[in-house]
Every structure is written in structure tokens, then in C-alpha cells.
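The next block holds one structure in the form of C-alpha cells; read it before the comments.
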2 protein chains.
Amino acid sequence: MAGDNGRDGEGWATMGEVAARAGVSPMTVSRVLKEPGRVRPTTRTRVEAAIAELGYVPDAAAGALASRQSRLVAALVSTLAGSIFASTIAGLGAVLREAGHELLLGTTEYSSSSEEALLRAVLGRRPGGLVLSAGQHTPAARRLLERATRGLGVPVVEIWQLPERPVDMAVGFSNFAAGRAMTAFLADLGYRRIAFVGVLGPDDFRGLRRHAGYREALAERGLGEPRAFGSGGSGGSVEDGARGLAAVLERWPDCDAVFCGSDPLAFGAIAEAARRGLAVPGELAVAGFGDFDYAGEAGLALTTVRIPGERIGRETARLLLERKAGRLEGPVVVDLGFELVRRRTA
Amino acid sequence: MAGDNGRDGEGWATMGEVAARAGVSPMTVSRVLKEPGRVRPTTRTRVEAAIAELGYVPDAAAGALASRQSRLVAALVSTLAGSIFASTIAGLGAVLREAGHELLLGTTEYSSSSEEALLRAVLGRRPGGLVLSAGQHTPAARRLLERATRGLGVPVVEIWQLPERPVDMAVGFSNFAAGRAMTAFLADLGYRRIAFVGVLGPDDFRGLRRHAGYREALAERGLGEPRAFGSGGSGGSVEDGARGLAAVLERWPDCDAVFCGSDPLAFGAIAEAARRGLAVPGELAVAGFGDFDYAGEAGLALTTVRIPGERIGRETARLLLERKAGRLEGPVVVDLGFELVRRRTA
DNA sequence: TTGAAAGCGGTACCAT
DNA sequence: ATGGTACCGCTTTCAA
């Protein structure tokens with residue numbers, strides 16, 4: 001097995017070196033890489049041999065500069081924790097990679113000021129597309145985004161929600177509708193004193209929308225005043241759920257159901273109920289949001305809202321690619337919906 | 001607040017345009033950005049104004065090409081699912097960003113052939129560092145890596161394990177030692193018929209090592225033949241845990257403890273035990289691995305092995321940065337250890 | 001303290 | 001089917 005190791009020299013081989021070795025011009029090497037069909041087979045074979053022998057790996061920065069195409073897509077998500085966006089990122093990455101794009105990842109940790117800084121850094125890479133999970137942007141960030149998409153034609157996709165005023169495109173579902181649907185569902189099941197436990201910090205836009213949906217459903221059904229407890233900004237953990245239920249029960253001891261803004265919160269609530277000897281769903285029903293792995297029959301058997309996380313990622317990639325190919329005009333908002341999953345906790 | 005929107009023209013402003021507007025040469029603009037101290041304050045102010053007015057964002061590809069520094073670090077992890085690597089990636093990203101580097105992310109989904117393809121793609125970006133979670137590399141991938149680190153001086157960090165023969169550096173812990181320690185711990189607690197449920201596919205190197213540790217401990221303590229059940233390649237879900245326990249109990253009905261290769265598996269096992277009316281830990285003890293959020297007292301109260309996931313990320317970033325700064329020589333292997341956490345399931 | 005010139009490693013475009 | 005020649009936008013180096 002000769003070659004393939006590359007030569008021992010310094011640095012990577014350049015296209016010029018490959019060309020010299022194959023006895024052709026750099027342009028021919030470039031063609032072998034991009035449009036092999038346009039090169040005579042015998043020439044192509046020689047060039048491919050030279051590439052293999054030198055272990056040549058083209059420099060993407062140079063290519064990007066010359067072609068004005070970075071083949072990079074940036075994704076800025078609020079967090080990777082809790083596996084909320086993990087499947088979305090996985091789906092996004094898989095589709096993009098097949099199309100020859102790389103994924104530049106940034107996490108804002110639910111702070112919109114760092115979203116802006118990240119955005120600037122990432123924009124310097126001239127990404128061919130931008131994916132954002134954050135619901136709200138600072139004015140400066142918004143300007144940057146508008147500029148990127150209007151002025152430069154960079155496709156932007158906001159995910160996991162349906163913004164009223166999308167920057168460009170959006171793929172997600174209505175958090176408001178989902179919050180309302182689950183609450184109404186609990187009401188249909190006969191629960192009358194339904195509480196809500198969620199993350200109600202100003203930076204978690206989606207949590208706020210779910211909560212709004214909850215209130216809406218309560219009002220529609222005449223179910224009385226909201227009984228909501230919001231954990232702090234970075235909340236959303238199992239422990240927050242346990243604390244949340246405790247707080248709710250202290251204030252409204254007669255609750256017969258709790259709708260939690262996320263499955264981890266629901267888990268905490270269920271554990272806390274068990275600790276208090278409350279039968280679930282007999283004495284207290286619990287519903288979650290997200291349909292995490294452990295919410296299934298084999299685990300919590302949790303009644304929850306299923307979100308098509310990976311599909312959001314794949315659809316986002318598809319949209320990005322379509323628009324870049326010029327096959328898609330104007331604003332696009334794709335509602336992938338959600339699904340109420342009834343299991344055994346409500 | 002004039003400007004900041006940038007001009008309406010096509011494309012991004014270039015450094016030359018900023019220079020023209022400020023009445024200086026491009027070099028001065030470049031200096032204002034990289035070494036502000038070397039530019040006279042009055043000049044600097046003019047340049048900064050021009051930058052703001054044009055909404056100038058430097059082109060990183062051009063910078064990378066000219067300076068031969070990409071300011072990009074690539075991380076190739078086997079998966080984002082299950083939040084195993086999520087905190088590591090978050091820690092890595094946070095430290096890198098502060099140092100002005102971006103994160104290029106790729107997921108191999110536990111297939112080493114796609115690791116190789118990804119590696120080639122990513123190497124084209126000439127990353128300043130490489131982070132890998134996969135335990136084993138194909139021969140070609142290994143050659144690529146050796147070349148990158150030896151020939152080109154690209155720091156490579158393998159994480160979440162301590163390879164016997166590291167490509168360059170490593171940050172993690174011994175999966176073997178952790179598997180052995182938990183098994184020995186269960187033995188110390190008095191359990192005698194300890195089973196193991198894990199992912200034993202050939203691509204999950206770390207799972208295999210934990211299993212090996214389990215067998216070692218059994219042998220050391222004279223606890224008889226191993227009672228292990230391995231779910232398929234992509235296993236590791238809560239459902240796999242339930243199935244795993246069922247399979248184990250069918251074959252060895254007298255087990256008094258199960259050590260699961262991950263917390264989700266342990267969750268499934270606990271749920272399955274409940275279904276069968278087995279008291280945990282009274283009739284069956286269960287231990288997990290990972291110390292996920294829901295393993296805590298507020299959730300499962302699971303006896304498990306805690307891994308310093310985020311610290312692995314931060315330490316990895318630190319090493320990368322140190323080595324790039326030339327303050328670190330030779331192979332480095334950092335063992336961040338693990339911690340046995342006893343809670344209420346064993 | 002500032003600027004001019006020469007690339008970095010590719011690709012677009014136009015010849016041949 | 002192949003090659004020549006600019007040039008992408010920035011930094012390095014050296015000079016003023």
C-alpha cells in the first residue's frame with residue numbers, strides 16, 4: 001500500500017503540487033475534484049493517483065474565498081443539555097453532510113446577549129445558512145440577521161417555534177397551541193384544578209408560549225384562575241420539577257392535575273408525588289412536554305406532548321438546501337405540529 | 001444611532017472599503033482589529049467608526065488563508081443523543097469561544113466508517129485542533145490523524161476514555177476501572193449474583209470496557225460466571241434496559257443486582273422490576289452509569305457512576321489551547337476519574 | 001505609526 | 001479537453 005500516508009514534507013500538499021506530480025495544470029486537478037465528468041478518463045486517473053499519493057486534502061478556506069461559497073451552515077441553539085435539541089442537530093447535520101456542508105455549532109445557553117456575540121463570530125465565516133433556536137433576538141442581532149438574509153441572501157431558519165414575524169424561514173410547531181391542547185386534553189379527561197409548572201424566565205420564549213396556551217385553555221373552559229409556578233431562568237431540571245410541585249401544592253392543595261413544561265419537570269413532579277404518597281394519576285395527574293426517551297411505556301409511561309425533533313432538523317436542512325438552489329422563494333413557515341401522547345400518568 | 005445597519009450595497013463590506021472610508025490603508029484596519037495598541041488612538045477611533053458605519057464583519061476564510069490559522073476546532077462525537085456528550089461539547093465550546101475559536105461539530109453515530117469521511121471533510125477546514133470521542137479508528141482514519149498531528153502539528157484530543165495508544169492527547173477516565181469499581185462496590189454491599197446489562201456492540205468501545213471491568217471484578221471476588229446481556233449496536237435506551245433486565249431474569253432468575261452500562265438502561269431495568277413487583281433494592285438492586293439529571297435524589301435516586309462530562313470538555317479546550325501556545329510538549333493523558341454515587345437503588 | 005507589495009490556495013472565466 | 005490569468009479578502013513582511 002504505497003502512499004495514502006501522504007508525503008513526509010511540511011504541511012499539506014497543495015493543488016499545485018498535485019498538478020505538478022500528475023503533469024497537468026491546477027485547473028485540471030480542480031476539475032477532477034468538482035466535475036470529474038469534464039476530464040478525460042486517462043487524465044483523471046493520473047490526477048487521482050497523484051491525489052492519493054500525496055494524501056491531498058483541498059483547503060476549504062481557499063476554496064471558499066475563491067468561490068464565495070463556504071459550504072458551512074451555522075446552528076445557534078440555546079442549549080445542548082437535556083437532549084432537547086440533540087436530535088434536531090443530529091438530523092440537521094446528517095442531511096447537510098450528505099449535501100457536502102459542514103455544521104458550525106454554537107450554544108447561547110439561553111442568553112440573548114451571547115447570541116449576538118456568537119452571531120458576529122459566526123457571520124465572519126460567511127455561512128451558507130443560519131439556524132437559530134432562540135425565540136427572540138436583540139435589536140442588534142435582529143439587524144445583523146435581516147442584513148444577512150435580505151442583503152446577502154443567506155437563508156435563515158428559526159426552529160422549534162413559529163415566530164409571528166420570522167426573519168426568513170421557520171420550522172417548528174406552535175408552543176402556544178401545544179400548551180393549550182394538552183391543557184384542554186386534561187380538562188376533557190375530567191381534571192378541573194389544573195396547575196402548571198414550567199420555566200418562565202424571560203429568555204425561554206418557548207416555555208412562556210406554552211404557559212400562555214395553558215392559560216388560554218383554562219379561560220376557554222372556565223376552569224378558574226391559573227395556578228402556575230415558574231422556576232428560574234436556567235430551570236427545567238428534575239429537581240425543579242419536584243420543587244415546582246411542592247410549591248404548587250402548598251399554594252393550591254386541591255390540585256388534581258399538573259401540566260409540566262418539560263418531561264424532566266414532570267419526572268420531578270411524579271417523584272415528589274410519590275414521596276408524598278399521592279397516587280398518580282388517581283390523586284394527581286401529571287403531564288409533560290417533549291416525549292423524551294424515558295417518558296415511554298418502558299419508563300415513566302408519561303402522558304406528554306411529542307415533538308418531532310429530528311424531523312425539524314431534517315426539514316430545516318432541506319429548506320436551506322432548496323433555497324440555496326434557488327428553488328424556493330419568499331417567507332416559508334413549516335408547521336410540523338405536535339402530538340398528544342396519552343400514557344398512564346393522566 | 002446611525003449606521004450599524006451596514007450599507008445597502010451588495011455583500012459584506014471589505015477591509016479595503018473600511019479603509020477607504022476611514023482614510024487609511026487596509027493594514028491599519030487590520031491592526032485596529034488585531035493589535036489596537038499599535039495604532040494611534042485618533043486613527044483608531046476613525047477606523048472604528050468606519051467599521052461600525054459599514055457593519056463590517058471580517059471574512060474569516062480570507063483571514064485563515066493569509067494567516068494560516070483557521071481558529072476552528074473540530075469535534076467528532078459518536079452521538080449527541082442521550083445527552084452523554086452534550087455537557088462535554090458545551091464545556092468545550094464555552095472555553096474555546098472565549099479564546100476566539102469556533103466549534104465545527106460532526107456526529108459519527110457510532111460508525112467508524114463515517115468517522116473517516118467526516119474526518120476528511122473536516123481536515124479540509126484546517127482546524128487548529130481535533131477532538132474525538134470514538135474509541136477506535138479505521139486504519140485510514142488513524143493515518144490521517146497521525147499525519148495531522150505529527151506532520152502538521154494539529155493537536156488531537158481523544159475524550160471520554162484513556163486510550164492505551166493515544167494519537168496525541170487524551171482526557172477522560174478509565175471505563176474499565178469504573179466498571180470494575182461499581183461491580184466491586186455492589187459486591188461490598190453484599191450482592192452476590194450481579195448481572196450486567198449494556199450496549200455491547202463493536203462500535204461502542206467504552207461500553208465494552210465497562211463490561212470488561214465488570215468481569216474483572218467478578219473474577220477478583222470469586223463471584224462466579226458473568227451474567228451479561230448486551231443490547232444491539234444502537235441500544236442504550238430505556239426500553240433496551242427493560243428488555244435487558246427481562247432477558248437477564250429469564251436466564252438467571254436468582255440475580256440480586258444488575259449493573260447497567262448507562263443510566264437510561266438502569267431506568268428501564270427499574271421500571272421493569274416495578275412491573276414484576278420486584279422491590280428495588282430489596283429484591284433487586286440496580287446501578288447505573290453516567291449520573292444523568294434524572295438519576296438524582298429528586299428523580300430515580302439511582303446508585304450510579306458520575307462522570308465529569310463538562311470538565312472533560314473544559315479540560316480538553318485548555319489542553320488544546322496550551323499546546324497551540326507551545327506550552328505543552330509530548331503525549332498527555334489526563335485522567336479526570338469518576339465517582340461512585342450511592343443513592344437508593346443499591 | 002503607517003503603508004506597499006506579495007502572496008495564502010484555490011476557482012471563475014475565457015482562450016486554445 | 002485543458003490551460004492561463006486574474007482575483008477572492010486578508011495578513012505577512014519589509015520599508016518609510
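Residue names in the C-alpha cells use chain letters A, B, ... in the order shown, residue numbers from 1 in each chain, and ligand numbers from 1 in the order shown.
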Considering only C-alpha atoms (C1' of nucleotides), give me a table of residues in chain B that are at most 8 Å from chain C, with the closest atom pair and distance in Å for each, as a Markdown table.
| residue | atom | partner | partner_atom | distance |
| --- | --- | --- | --- | --- |
| B:Ser25 | CA | C:DG3 | C1' | 6.4 |
| B:Met27 | CA | C:DG3 | C1' | 7.3 |
| B:Thr28 | CA | C:DT2 | C1' | 7.1 |
| B:Arg38 | CA | C:DT1 | C1' | 7.5 |
| B:Val39 | CA | C:DT1 | C1' | 6.6 |
| B:Arg40 | CA | C:DT1 | C1' | 6.8 |
| B:Leu65 | CA | C:DC8 | C1' | 5.0 |
| B:Ala66 | CA | C:DC8 | C1' | 4.6 |
| B:Ser67 | CA | C:DC8 | C1' | 7.5 |
| B:Arg68 | CA | C:DC8 | C1' | 7.4 |
Expected file contents, prior selection, C-alpha atoms, as an mmCIF file, in the first residue's frame:
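Result written to out.cif:
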data_model
loop_
_atom_site.group_PDB
_atom_site.id
_atom_site.type_symbol
_atom_site.label_atom_id
_atom_site.label_comp_id
_atom_site.auth_asym_id
_atom_site.auth_seq_id
_atom_site.Cartn_x
_atom_site.Cartn_y
_atom_site.Cartn_z
ATOM 1 C CA SER B 25 -4.724 51.702 4.404
ATOM 2 C CA MET B 27 -3.236 47.328 7.027
ATOM 3 C CA THR B 28 -4.258 49.896 9.564
ATOM 4 C CA ARG B 38 -0.191 49.657 17.889
ATOM 5 C CA VAL B 39 -2.445 52.232 16.296
ATOM 6 C CA ARG B 40 -2.613 55.864 17.322
ATOM 7 C CA LEU B 65 -5.870 31.668 4.322
ATOM 8 C CA ALA B 66 -3.489 34.523 4.833
ATOM 9 C CA SER B 67 -2.532 33.787 8.401
ATOM 10 C CA ARG B 68 -2.663 30.019 8.117
#
Which parts of range 27-184 of chain A does DSSP call helix (DSSP H, G or I) when run on the backbone here, written out as a ChimeraX atom specification? /A:27-34,36-38,41-54,60-67,81-83,86-98,112-123,139-151,175-184
Would you list which chain B residues are within 7 Å of chain A using only C-alpha atoms, as a tab-separated table (two decimals) with N, CA, C and O atoms, in the first residue's frame?
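Contents of iface10.tsv, freshly written:
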chain	number	residue	atom	x	y	z
B	5	ASN	N	-26.37	49.33	10.72
B	5	ASN	CA	-27.14	48.50	9.83
B	5	ASN	C	-26.27	48.04	8.69
B	5	ASN	O	-26.59	47.09	8.02
B	10	GLU	N	-24.33	45.56	-2.05
B	10	GLU	CA	-24.26	44.11	-2.17
B	10	GLU	C	-23.17	43.56	-1.27
B	10	GLU	O	-22.13	44.17	-1.10
B	11	GLY	N	-23.38	42.40	-0.74
B	11	GLY	CA	-22.33	41.71	0.01
B	11	GLY	C	-21.84	42.45	1.23
B	11	GLY	O	-22.31	43.54	1.56
B	57	VAL	N	-17.88	43.00	9.06
B	57	VAL	CA	-17.57	41.74	9.74
B	57	VAL	C	-16.48	41.07	8.92
B	57	VAL	O	-16.71	40.67	7.79
B	58	PRO	N	-15.28	40.98	9.47
B	58	PRO	CA	-14.14	40.44	8.71
B	58	PRO	C	-14.41	39.04	8.17
B	58	PRO	O	-15.09	38.24	8.83
B	59	ASP	N	-13.90	38.75	7.02
B	59	ASP	CA	-14.07	37.43	6.42
B	59	ASP	C	-13.04	36.47	7.01
B	59	ASP	O	-11.84	36.60	6.79
B	60	ALA	N	-13.55	35.50	7.75
B	60	ALA	CA	-12.65	34.58	8.44
B	60	ALA	C	-11.90	33.65	7.48
B	60	ALA	O	-10.79	33.23	7.77
B	61	ALA	N	-12.51	33.35	6.36
B	61	ALA	CA	-11.84	32.46	5.41
B	61	ALA	C	-10.60	33.14	4.85
B	61	ALA	O	-9.53	32.54	4.74
B	62	ALA	N	-10.75	34.40	4.50
B	62	ALA	CA	-9.61	35.14	3.97
B	62	ALA	C	-8.53	35.25	5.04
B	62	ALA	O	-7.34	35.07	4.76
B	64	ALA	N	-8.02	33.25	7.51
B	64	ALA	CA	-7.43	31.94	7.73
B	64	ALA	C	-6.41	31.63	6.65
B	64	ALA	O	-5.33	31.11	6.91
B	65	LEU	N	-6.76	31.96	5.44
B	65	LEU	CA	-5.87	31.67	4.32
B	65	LEU	C	-4.56	32.44	4.45
B	65	LEU	O	-3.47	31.88	4.31
B	80	LEU	N	-25.09	12.70	19.78
B	80	LEU	CA	-25.48	13.79	20.65
B	80	LEU	C	-26.65	13.32	21.51
B	80	LEU	O	-27.00	13.93	22.51
B	81	ALA	N	-27.24	12.20	21.10
B	81	ALA	CA	-28.42	11.69	21.80
B	81	ALA	C	-28.07	11.28	23.23
B	81	ALA	O	-26.92	11.03	23.57
B	82	GLY	N	-29.10	11.21	24.05
B	82	GLY	CA	-28.90	10.74	25.41
B	82	GLY	C	-28.09	11.69	26.27
B	82	GLY	O	-27.74	11.36	27.39
B	83	SER	N	-27.79	12.85	25.71
B	83	SER	CA	-27.11	13.89	26.47
B	83	SER	C	-25.80	13.43	27.11
B	83	SER	O	-25.34	14.00	28.08
B	86	ALA	N	-23.34	15.95	25.48
B	86	ALA	CA	-23.85	17.31	25.39
B	86	ALA	C	-23.10	18.26	26.33
B	86	ALA	O	-22.66	19.33	25.92
B	87	SER	N	-22.91	17.86	27.57
B	87	SER	CA	-22.26	18.78	28.50
B	87	SER	C	-20.79	18.94	28.16
B	87	SER	O	-20.20	20.01	28.36
B	90	ALA	N	-20.68	21.39	25.40
B	90	ALA	CA	-20.98	22.72	25.92
B	90	ALA	C	-19.75	23.32	26.60
B	90	ALA	O	-19.40	24.47	26.37
B	103	LEU	N	-16.43	26.20	16.92
B	103	LEU	CA	-16.53	24.75	17.01
B	103	LEU	C	-17.22	24.17	15.79
B	103	LEU	O	-18.34	24.54	15.45
B	104	LEU	N	-16.53	23.26	15.15
B	104	LEU	CA	-17.08	22.55	14.00
B	104	LEU	C	-17.51	21.20	14.52
B	104	LEU	O	-16.69	20.46	15.05
B	105	LEU	N	-18.79	20.88	14.39
B	105	LEU	CA	-19.26	19.65	15.01
B	105	LEU	C	-19.66	18.57	14.02
B	105	LEU	O	-20.32	18.83	13.04
B	124	GLY	N	-10.21	19.44	5.74
B	124	GLY	CA	-10.13	20.44	4.69
B	124	GLY	C	-10.27	21.84	5.25
B	124	GLY	O	-9.82	22.81	4.65
B	125	ARG	N	-10.87	21.90	6.41
B	125	ARG	CA	-11.05	23.20	7.06
B	125	ARG	C	-9.80	23.62	7.81
B	125	ARG	O	-9.77	24.67	8.46
B	126	ARG	N	-8.81	22.74	7.82
B	126	ARG	CA	-7.54	23.01	8.51
B	126	ARG	C	-7.76	23.46	9.96
B	126	ARG	O	-7.32	24.54	10.36
B	143	ARG	N	-4.25	6.92	10.08
B	143	ARG	CA	-3.15	7.53	9.32
B	143	ARG	C	-3.37	9.01	9.14
B	143	ARG	O	-2.46	9.82	9.30
B	151	GLY	N	2.75	15.44	11.44
B	151	GLY	CA	3.25	16.25	10.35
B	151	GLY	C	2.84	17.71	10.41
B	151	GLY	O	3.63	18.60	10.15
B	152	LEU	N	1.58	17.92	10.78
B	152	LEU	CA	1.09	19.30	10.73
B	152	LEU	C	1.02	19.95	12.09
B	152	LEU	O	0.69	21.13	12.20
B	237	SER	N	-31.22	2.59	25.17
B	237	SER	CA	-32.44	3.30	25.51
B	237	SER	C	-33.07	2.71	26.76
B	237	SER	O	-32.68	1.64	27.24
B	238	VAL	N	-34.05	3.41	27.28
B	238	VAL	CA	-34.78	2.94	28.45
B	238	VAL	C	-35.43	1.59	28.12
B	238	VAL	O	-35.42	0.66	28.93
B	239	GLU	N	-35.95	1.50	26.92
B	239	GLU	CA	-36.60	0.26	26.52
B	239	GLU	C	-35.60	-0.90	26.48
B	239	GLU	O	-35.91	-2.02	26.88
B	242	ALA	N	-35.24	-2.22	29.91
B	242	ALA	CA	-36.34	-3.07	30.36
B	242	ALA	C	-36.18	-4.47	29.75
B	242	ALA	O	-36.26	-5.49	30.43
B	267	PHE	N	-32.78	2.92	34.20
B	267	PHE	CA	-34.17	3.37	34.34
B	267	PHE	C	-35.11	2.28	33.83
B	267	PHE	O	-36.08	1.89	34.50
B	268	GLY	N	-34.80	1.77	32.66
B	268	GLY	CA	-35.63	0.72	32.10
B	268	GLY	C	-35.67	-0.51	33.00
B	268	GLY	O	-36.72	-1.12	33.21
B	271	ALA	N	-37.94	0.22	35.96
B	271	ALA	CA	-39.34	0.19	35.58
B	271	ALA	C	-39.80	-1.25	35.38
B	271	ALA	O	-40.90	-1.63	35.80
B	293	ASP	N	-29.20	13.78	34.85
B	293	ASP	CA	-30.04	14.66	35.64
B	293	ASP	C	-31.08	13.88	36.43
B	293	ASP	O	-31.23	14.04	37.63
B	294	TYR	N	-31.80	12.98	35.77
B	294	TYR	CA	-32.89	12.29	36.45
B	294	TYR	C	-32.45	11.19	37.40
B	294	TYR	O	-33.27	10.55	38.03
B	298	ALA	N	-33.96	13.76	43.46
B	298	ALA	CA	-35.29	14.25	43.11
B	298	ALA	C	-35.96	13.36	42.07
B	298	ALA	O	-37.14	13.47	41.82
B	299	GLY	N	-35.17	12.45	41.45
B	299	GLY	CA	-35.73	11.59	40.42
B	299	GLY	C	-35.67	10.13	40.82
B	299	GLY	O	-36.35	9.68	41.73
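Distance annotation: of B:Val154, B:Val29, B:Ala287, B:Ala22, the residue with the minimal separation from chain D is B:Val29; atom set is only C-alpha atoms (C1' of nucleotides).
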May I have the residues of chain D within 9 Å of chain B, counting only C-alpha atoms (C1' of nucleotides), written as a PyMOL selection string? chain D and resi 8-12
Preceding selection exported with N, CA and C atoms (P, O5', C5', C4', C3', O3' and C1' of nucleotides) as an mmCIF file, in the first residue's frame:
data_model
loop_
_atom_site.group_PDB
_atom_site.id
_atom_site.type_symbol
_atom_site.label_atom_id
_atom_site.label_comp_id
_atom_site.auth_asym_id
_atom_site.auth_seq_id
_atom_site.Cartn_x
_atom_site.Cartn_y
_atom_site.Cartn_z
ATOM 1 P P DC D 8 -11.029 40.706 -6.309
ATOM 2 O "O5'" DC D 8 -11.871 39.826 -5.302
ATOM 3 C "C5'" DC D 8 -12.772 38.794 -5.738
ATOM 4 C "C4'" DC D 8 -12.842 37.745 -4.650
ATOM 5 C "C3'" DC D 8 -12.506 38.319 -3.277
ATOM 6 O "O3'" DC D 8 -13.722 38.506 -2.560
ATOM 7 C "C1'" DC D 8 -11.300 36.259 -3.727
ATOM 8 P P DG D 9 -14.044 39.942 -1.930
ATOM 9 O "O5'" DG D 9 -13.204 39.938 -0.571
ATOM 10 C "C5'" DG D 9 -13.491 38.957 0.415
ATOM 11 C "C4'" DG D 9 -12.384 38.972 1.451
ATOM 12 C "C3'" DG D 9 -12.085 40.354 2.043
ATOM 13 O "O3'" DG D 9 -11.949 40.180 3.431
ATOM 14 C "C1'" DG D 9 -10.099 39.380 1.224
ATOM 15 P P DC D 10 -11.742 41.375 4.457
ATOM 16 O "O5'" DC D 10 -10.323 41.016 5.107
ATOM 17 C "C5'" DC D 10 -10.209 39.828 5.866
ATOM 18 C "C4'" DC D 10 -8.820 39.255 5.750
ATOM 19 C "C3'" DC D 10 -7.732 39.992 6.534
ATOM 20 O "O3'" DC D 10 -7.479 39.254 7.730
ATOM 21 C "C1'" DC D 10 -6.979 39.263 4.371
ATOM 22 P P DT D 11 -6.578 39.945 8.887
ATOM 23 O "O5'" DT D 11 -5.107 39.410 8.516
ATOM 24 C "C5'" DT D 11 -4.871 38.014 8.476
ATOM 25 C "C4'" DT D 11 -3.440 37.756 8.044
ATOM 26 C "C3'" DT D 11 -2.371 38.383 8.929
ATOM 27 O "O3'" DT D 11 -1.326 37.430 9.013
ATOM 28 C "C1'" DT D 11 -2.046 39.100 6.714
ATOM 29 P P DT D 12 -0.294 37.462 10.208
ATOM 30 O "O5'" DT D 12 1.118 37.306 9.479
ATOM 31 C "C5'" DT D 12 1.257 36.441 8.351
ATOM 32 C "C4'" DT D 12 2.422 36.903 7.486
ATOM 33 C "C3'" DT D 12 3.594 37.508 8.273
ATOM 34 O "O3'" DT D 12 4.766 36.762 8.002
ATOM 35 C "C1'" DT D 12 2.970 38.914 6.438
#
Pull the strand (DSSP E or B) assignments for range 164-262 of chain B out of DSSP run on the backbone, and list those residues as a ChimeraX atom specification. /B:169-172,194-199,227-231,257-260
Write out the residues from the selection above, keeping N, CA, C and O atoms, as an mmCIF file, in the first residue's frame.
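Wrote it out as again_23.cif, contents follow:
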data_model
loop_
_atom_site.group_PDB
_atom_site.id
_atom_site.type_symbol
_atom_site.label_atom_id
_atom_site.label_comp_id
_atom_site.auth_asym_id
_atom_site.auth_seq_id
_atom_site.Cartn_x
_atom_site.Cartn_y
_atom_site.Cartn_z
ATOM 1 N N MET B 169 -3.202 13.419 22.516
ATOM 2 C CA MET B 169 -3.554 13.658 23.916
ATOM 3 C C MET B 169 -4.891 12.975 24.225
ATOM 4 O O MET B 169 -5.615 12.582 23.319
ATOM 5 N N ALA B 170 -5.208 12.870 25.483
ATOM 6 C CA ALA B 170 -6.486 12.260 25.862
ATOM 7 C C ALA B 170 -6.965 12.858 27.176
ATOM 8 O O ALA B 170 -6.164 13.179 28.061
ATOM 9 N N VAL B 171 -8.260 13.022 27.294
ATOM 10 C CA VAL B 171 -8.872 13.499 28.529
ATOM 11 C C VAL B 171 -10.082 12.626 28.799
ATOM 12 O O VAL B 171 -10.987 12.552 27.980
ATOM 13 N N GLY B 172 -10.083 11.956 29.925
ATOM 14 C CA GLY B 172 -11.221 11.100 30.205
ATOM 15 C C GLY B 172 -11.064 10.359 31.511
ATOM 16 O O GLY B 172 -10.584 10.923 32.496
ATOM 17 N N ILE B 194 -24.511 -10.754 40.650
ATOM 18 C CA ILE B 194 -24.605 -9.463 39.944
ATOM 19 C C ILE B 194 -24.604 -9.629 38.426
ATOM 20 O O ILE B 194 -23.665 -10.182 37.861
ATOM 21 N N ALA B 195 -25.645 -9.123 37.813
ATOM 22 C CA ALA B 195 -25.729 -9.192 36.346
ATOM 23 C C ALA B 195 -25.288 -7.867 35.721
ATOM 24 O O ALA B 195 -25.134 -6.858 36.422
ATOM 25 N N PHE B 196 -25.086 -7.909 34.415
ATOM 26 C CA PHE B 196 -24.686 -6.705 33.689
ATOM 27 C C PHE B 196 -25.571 -6.547 32.460
ATOM 28 O O PHE B 196 -25.791 -7.501 31.721
ATOM 29 N N VAL B 197 -26.076 -5.342 32.264
ATOM 30 C CA VAL B 197 -26.859 -5.040 31.062
ATOM 31 C C VAL B 197 -26.203 -3.843 30.399
ATOM 32 O O VAL B 197 -26.015 -2.803 31.046
ATOM 33 N N GLY B 198 -25.824 -4.002 29.148
ATOM 34 C CA GLY B 198 -25.155 -2.881 28.497
ATOM 35 C C GLY B 198 -25.241 -2.957 26.995
ATOM 36 O O GLY B 198 -25.849 -3.859 26.437
ATOM 37 N N VAL B 199 -24.621 -1.971 26.366
ATOM 38 C CA VAL B 199 -24.528 -1.984 24.914
ATOM 39 C C VAL B 199 -23.209 -2.646 24.594
ATOM 40 O O VAL B 199 -22.145 -2.143 24.966
ATOM 41 N N ARG B 227 -22.928 -12.715 34.183
ATOM 42 C CA ARG B 227 -24.317 -12.825 33.726
ATOM 43 C C ARG B 227 -24.607 -11.550 32.961
ATOM 44 O O ARG B 227 -25.185 -10.619 33.513
ATOM 45 N N ALA B 228 -24.189 -11.561 31.709
ATOM 46 C CA ALA B 228 -24.288 -10.306 30.965
ATOM 47 C C ALA B 228 -25.244 -10.388 29.799
ATOM 48 O O ALA B 228 -25.324 -11.404 29.117
ATOM 49 N N PHE B 229 -25.965 -9.302 29.587
ATOM 50 C CA PHE B 229 -26.825 -9.207 28.427
ATOM 51 C C PHE B 229 -26.487 -7.927 27.679
ATOM 52 O O PHE B 229 -26.513 -6.843 28.253
ATOM 53 N N GLY B 230 -26.173 -8.068 26.412
ATOM 54 C CA GLY B 230 -25.839 -6.881 25.626
ATOM 55 C C GLY B 230 -26.893 -6.586 24.595
ATOM 56 O O GLY B 230 -27.283 -7.451 23.825
ATOM 57 N N SER B 231 -27.390 -5.359 24.597
ATOM 58 C CA SER B 231 -28.340 -4.987 23.558
ATOM 59 C C SER B 231 -27.537 -4.618 22.314
ATOM 60 O O SER B 231 -26.327 -4.442 22.359
ATOM 61 N N ALA B 257 -28.684 -8.323 41.883
ATOM 62 C CA ALA B 257 -28.295 -6.968 41.493
ATOM 63 C C ALA B 257 -28.038 -6.918 39.988
ATOM 64 O O ALA B 257 -27.621 -7.906 39.383
ATOM 65 N N VAL B 258 -28.305 -5.751 39.391
ATOM 66 C CA VAL B 258 -27.967 -5.532 37.971
ATOM 67 C C VAL B 258 -27.189 -4.244 37.858
ATOM 68 O O VAL B 258 -27.624 -3.212 38.359
ATOM 69 N N PHE B 259 -26.076 -4.331 37.182
ATOM 70 C CA PHE B 259 -25.281 -3.141 36.910
ATOM 71 C C PHE B 259 -25.548 -2.800 35.445
ATOM 72 O O PHE B 259 -25.310 -3.617 34.563
ATOM 73 N N CYS B 260 -26.053 -1.595 35.214
ATOM 74 C CA CYS B 260 -26.381 -1.197 33.848
ATOM 75 C C CYS B 260 -25.324 -0.255 33.290
ATOM 76 O O CYS B 260 -24.833 0.633 33.991
#
What is the distance, in Å and to one decimal place, between CA of Leu76 in chain B and CA of Arg318 in chain B? 17.5 Å
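Counting from CA of Leu340 in chain A, the distance to CA of Pro202 in chain A is 26.2 Å.
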Report as a VMD selection string all protein, DNA and RNA residues lying within 12 Å of Cys255 in chain B, evaluated on only C-alpha atoms (C1' of nucleotides), omitting residues in the same chain fewer than 2 positions from it. chain B and resid 191 to 196 223 to 224 226 to 228 245 to 253 257 to 259 273 278 281 to 286
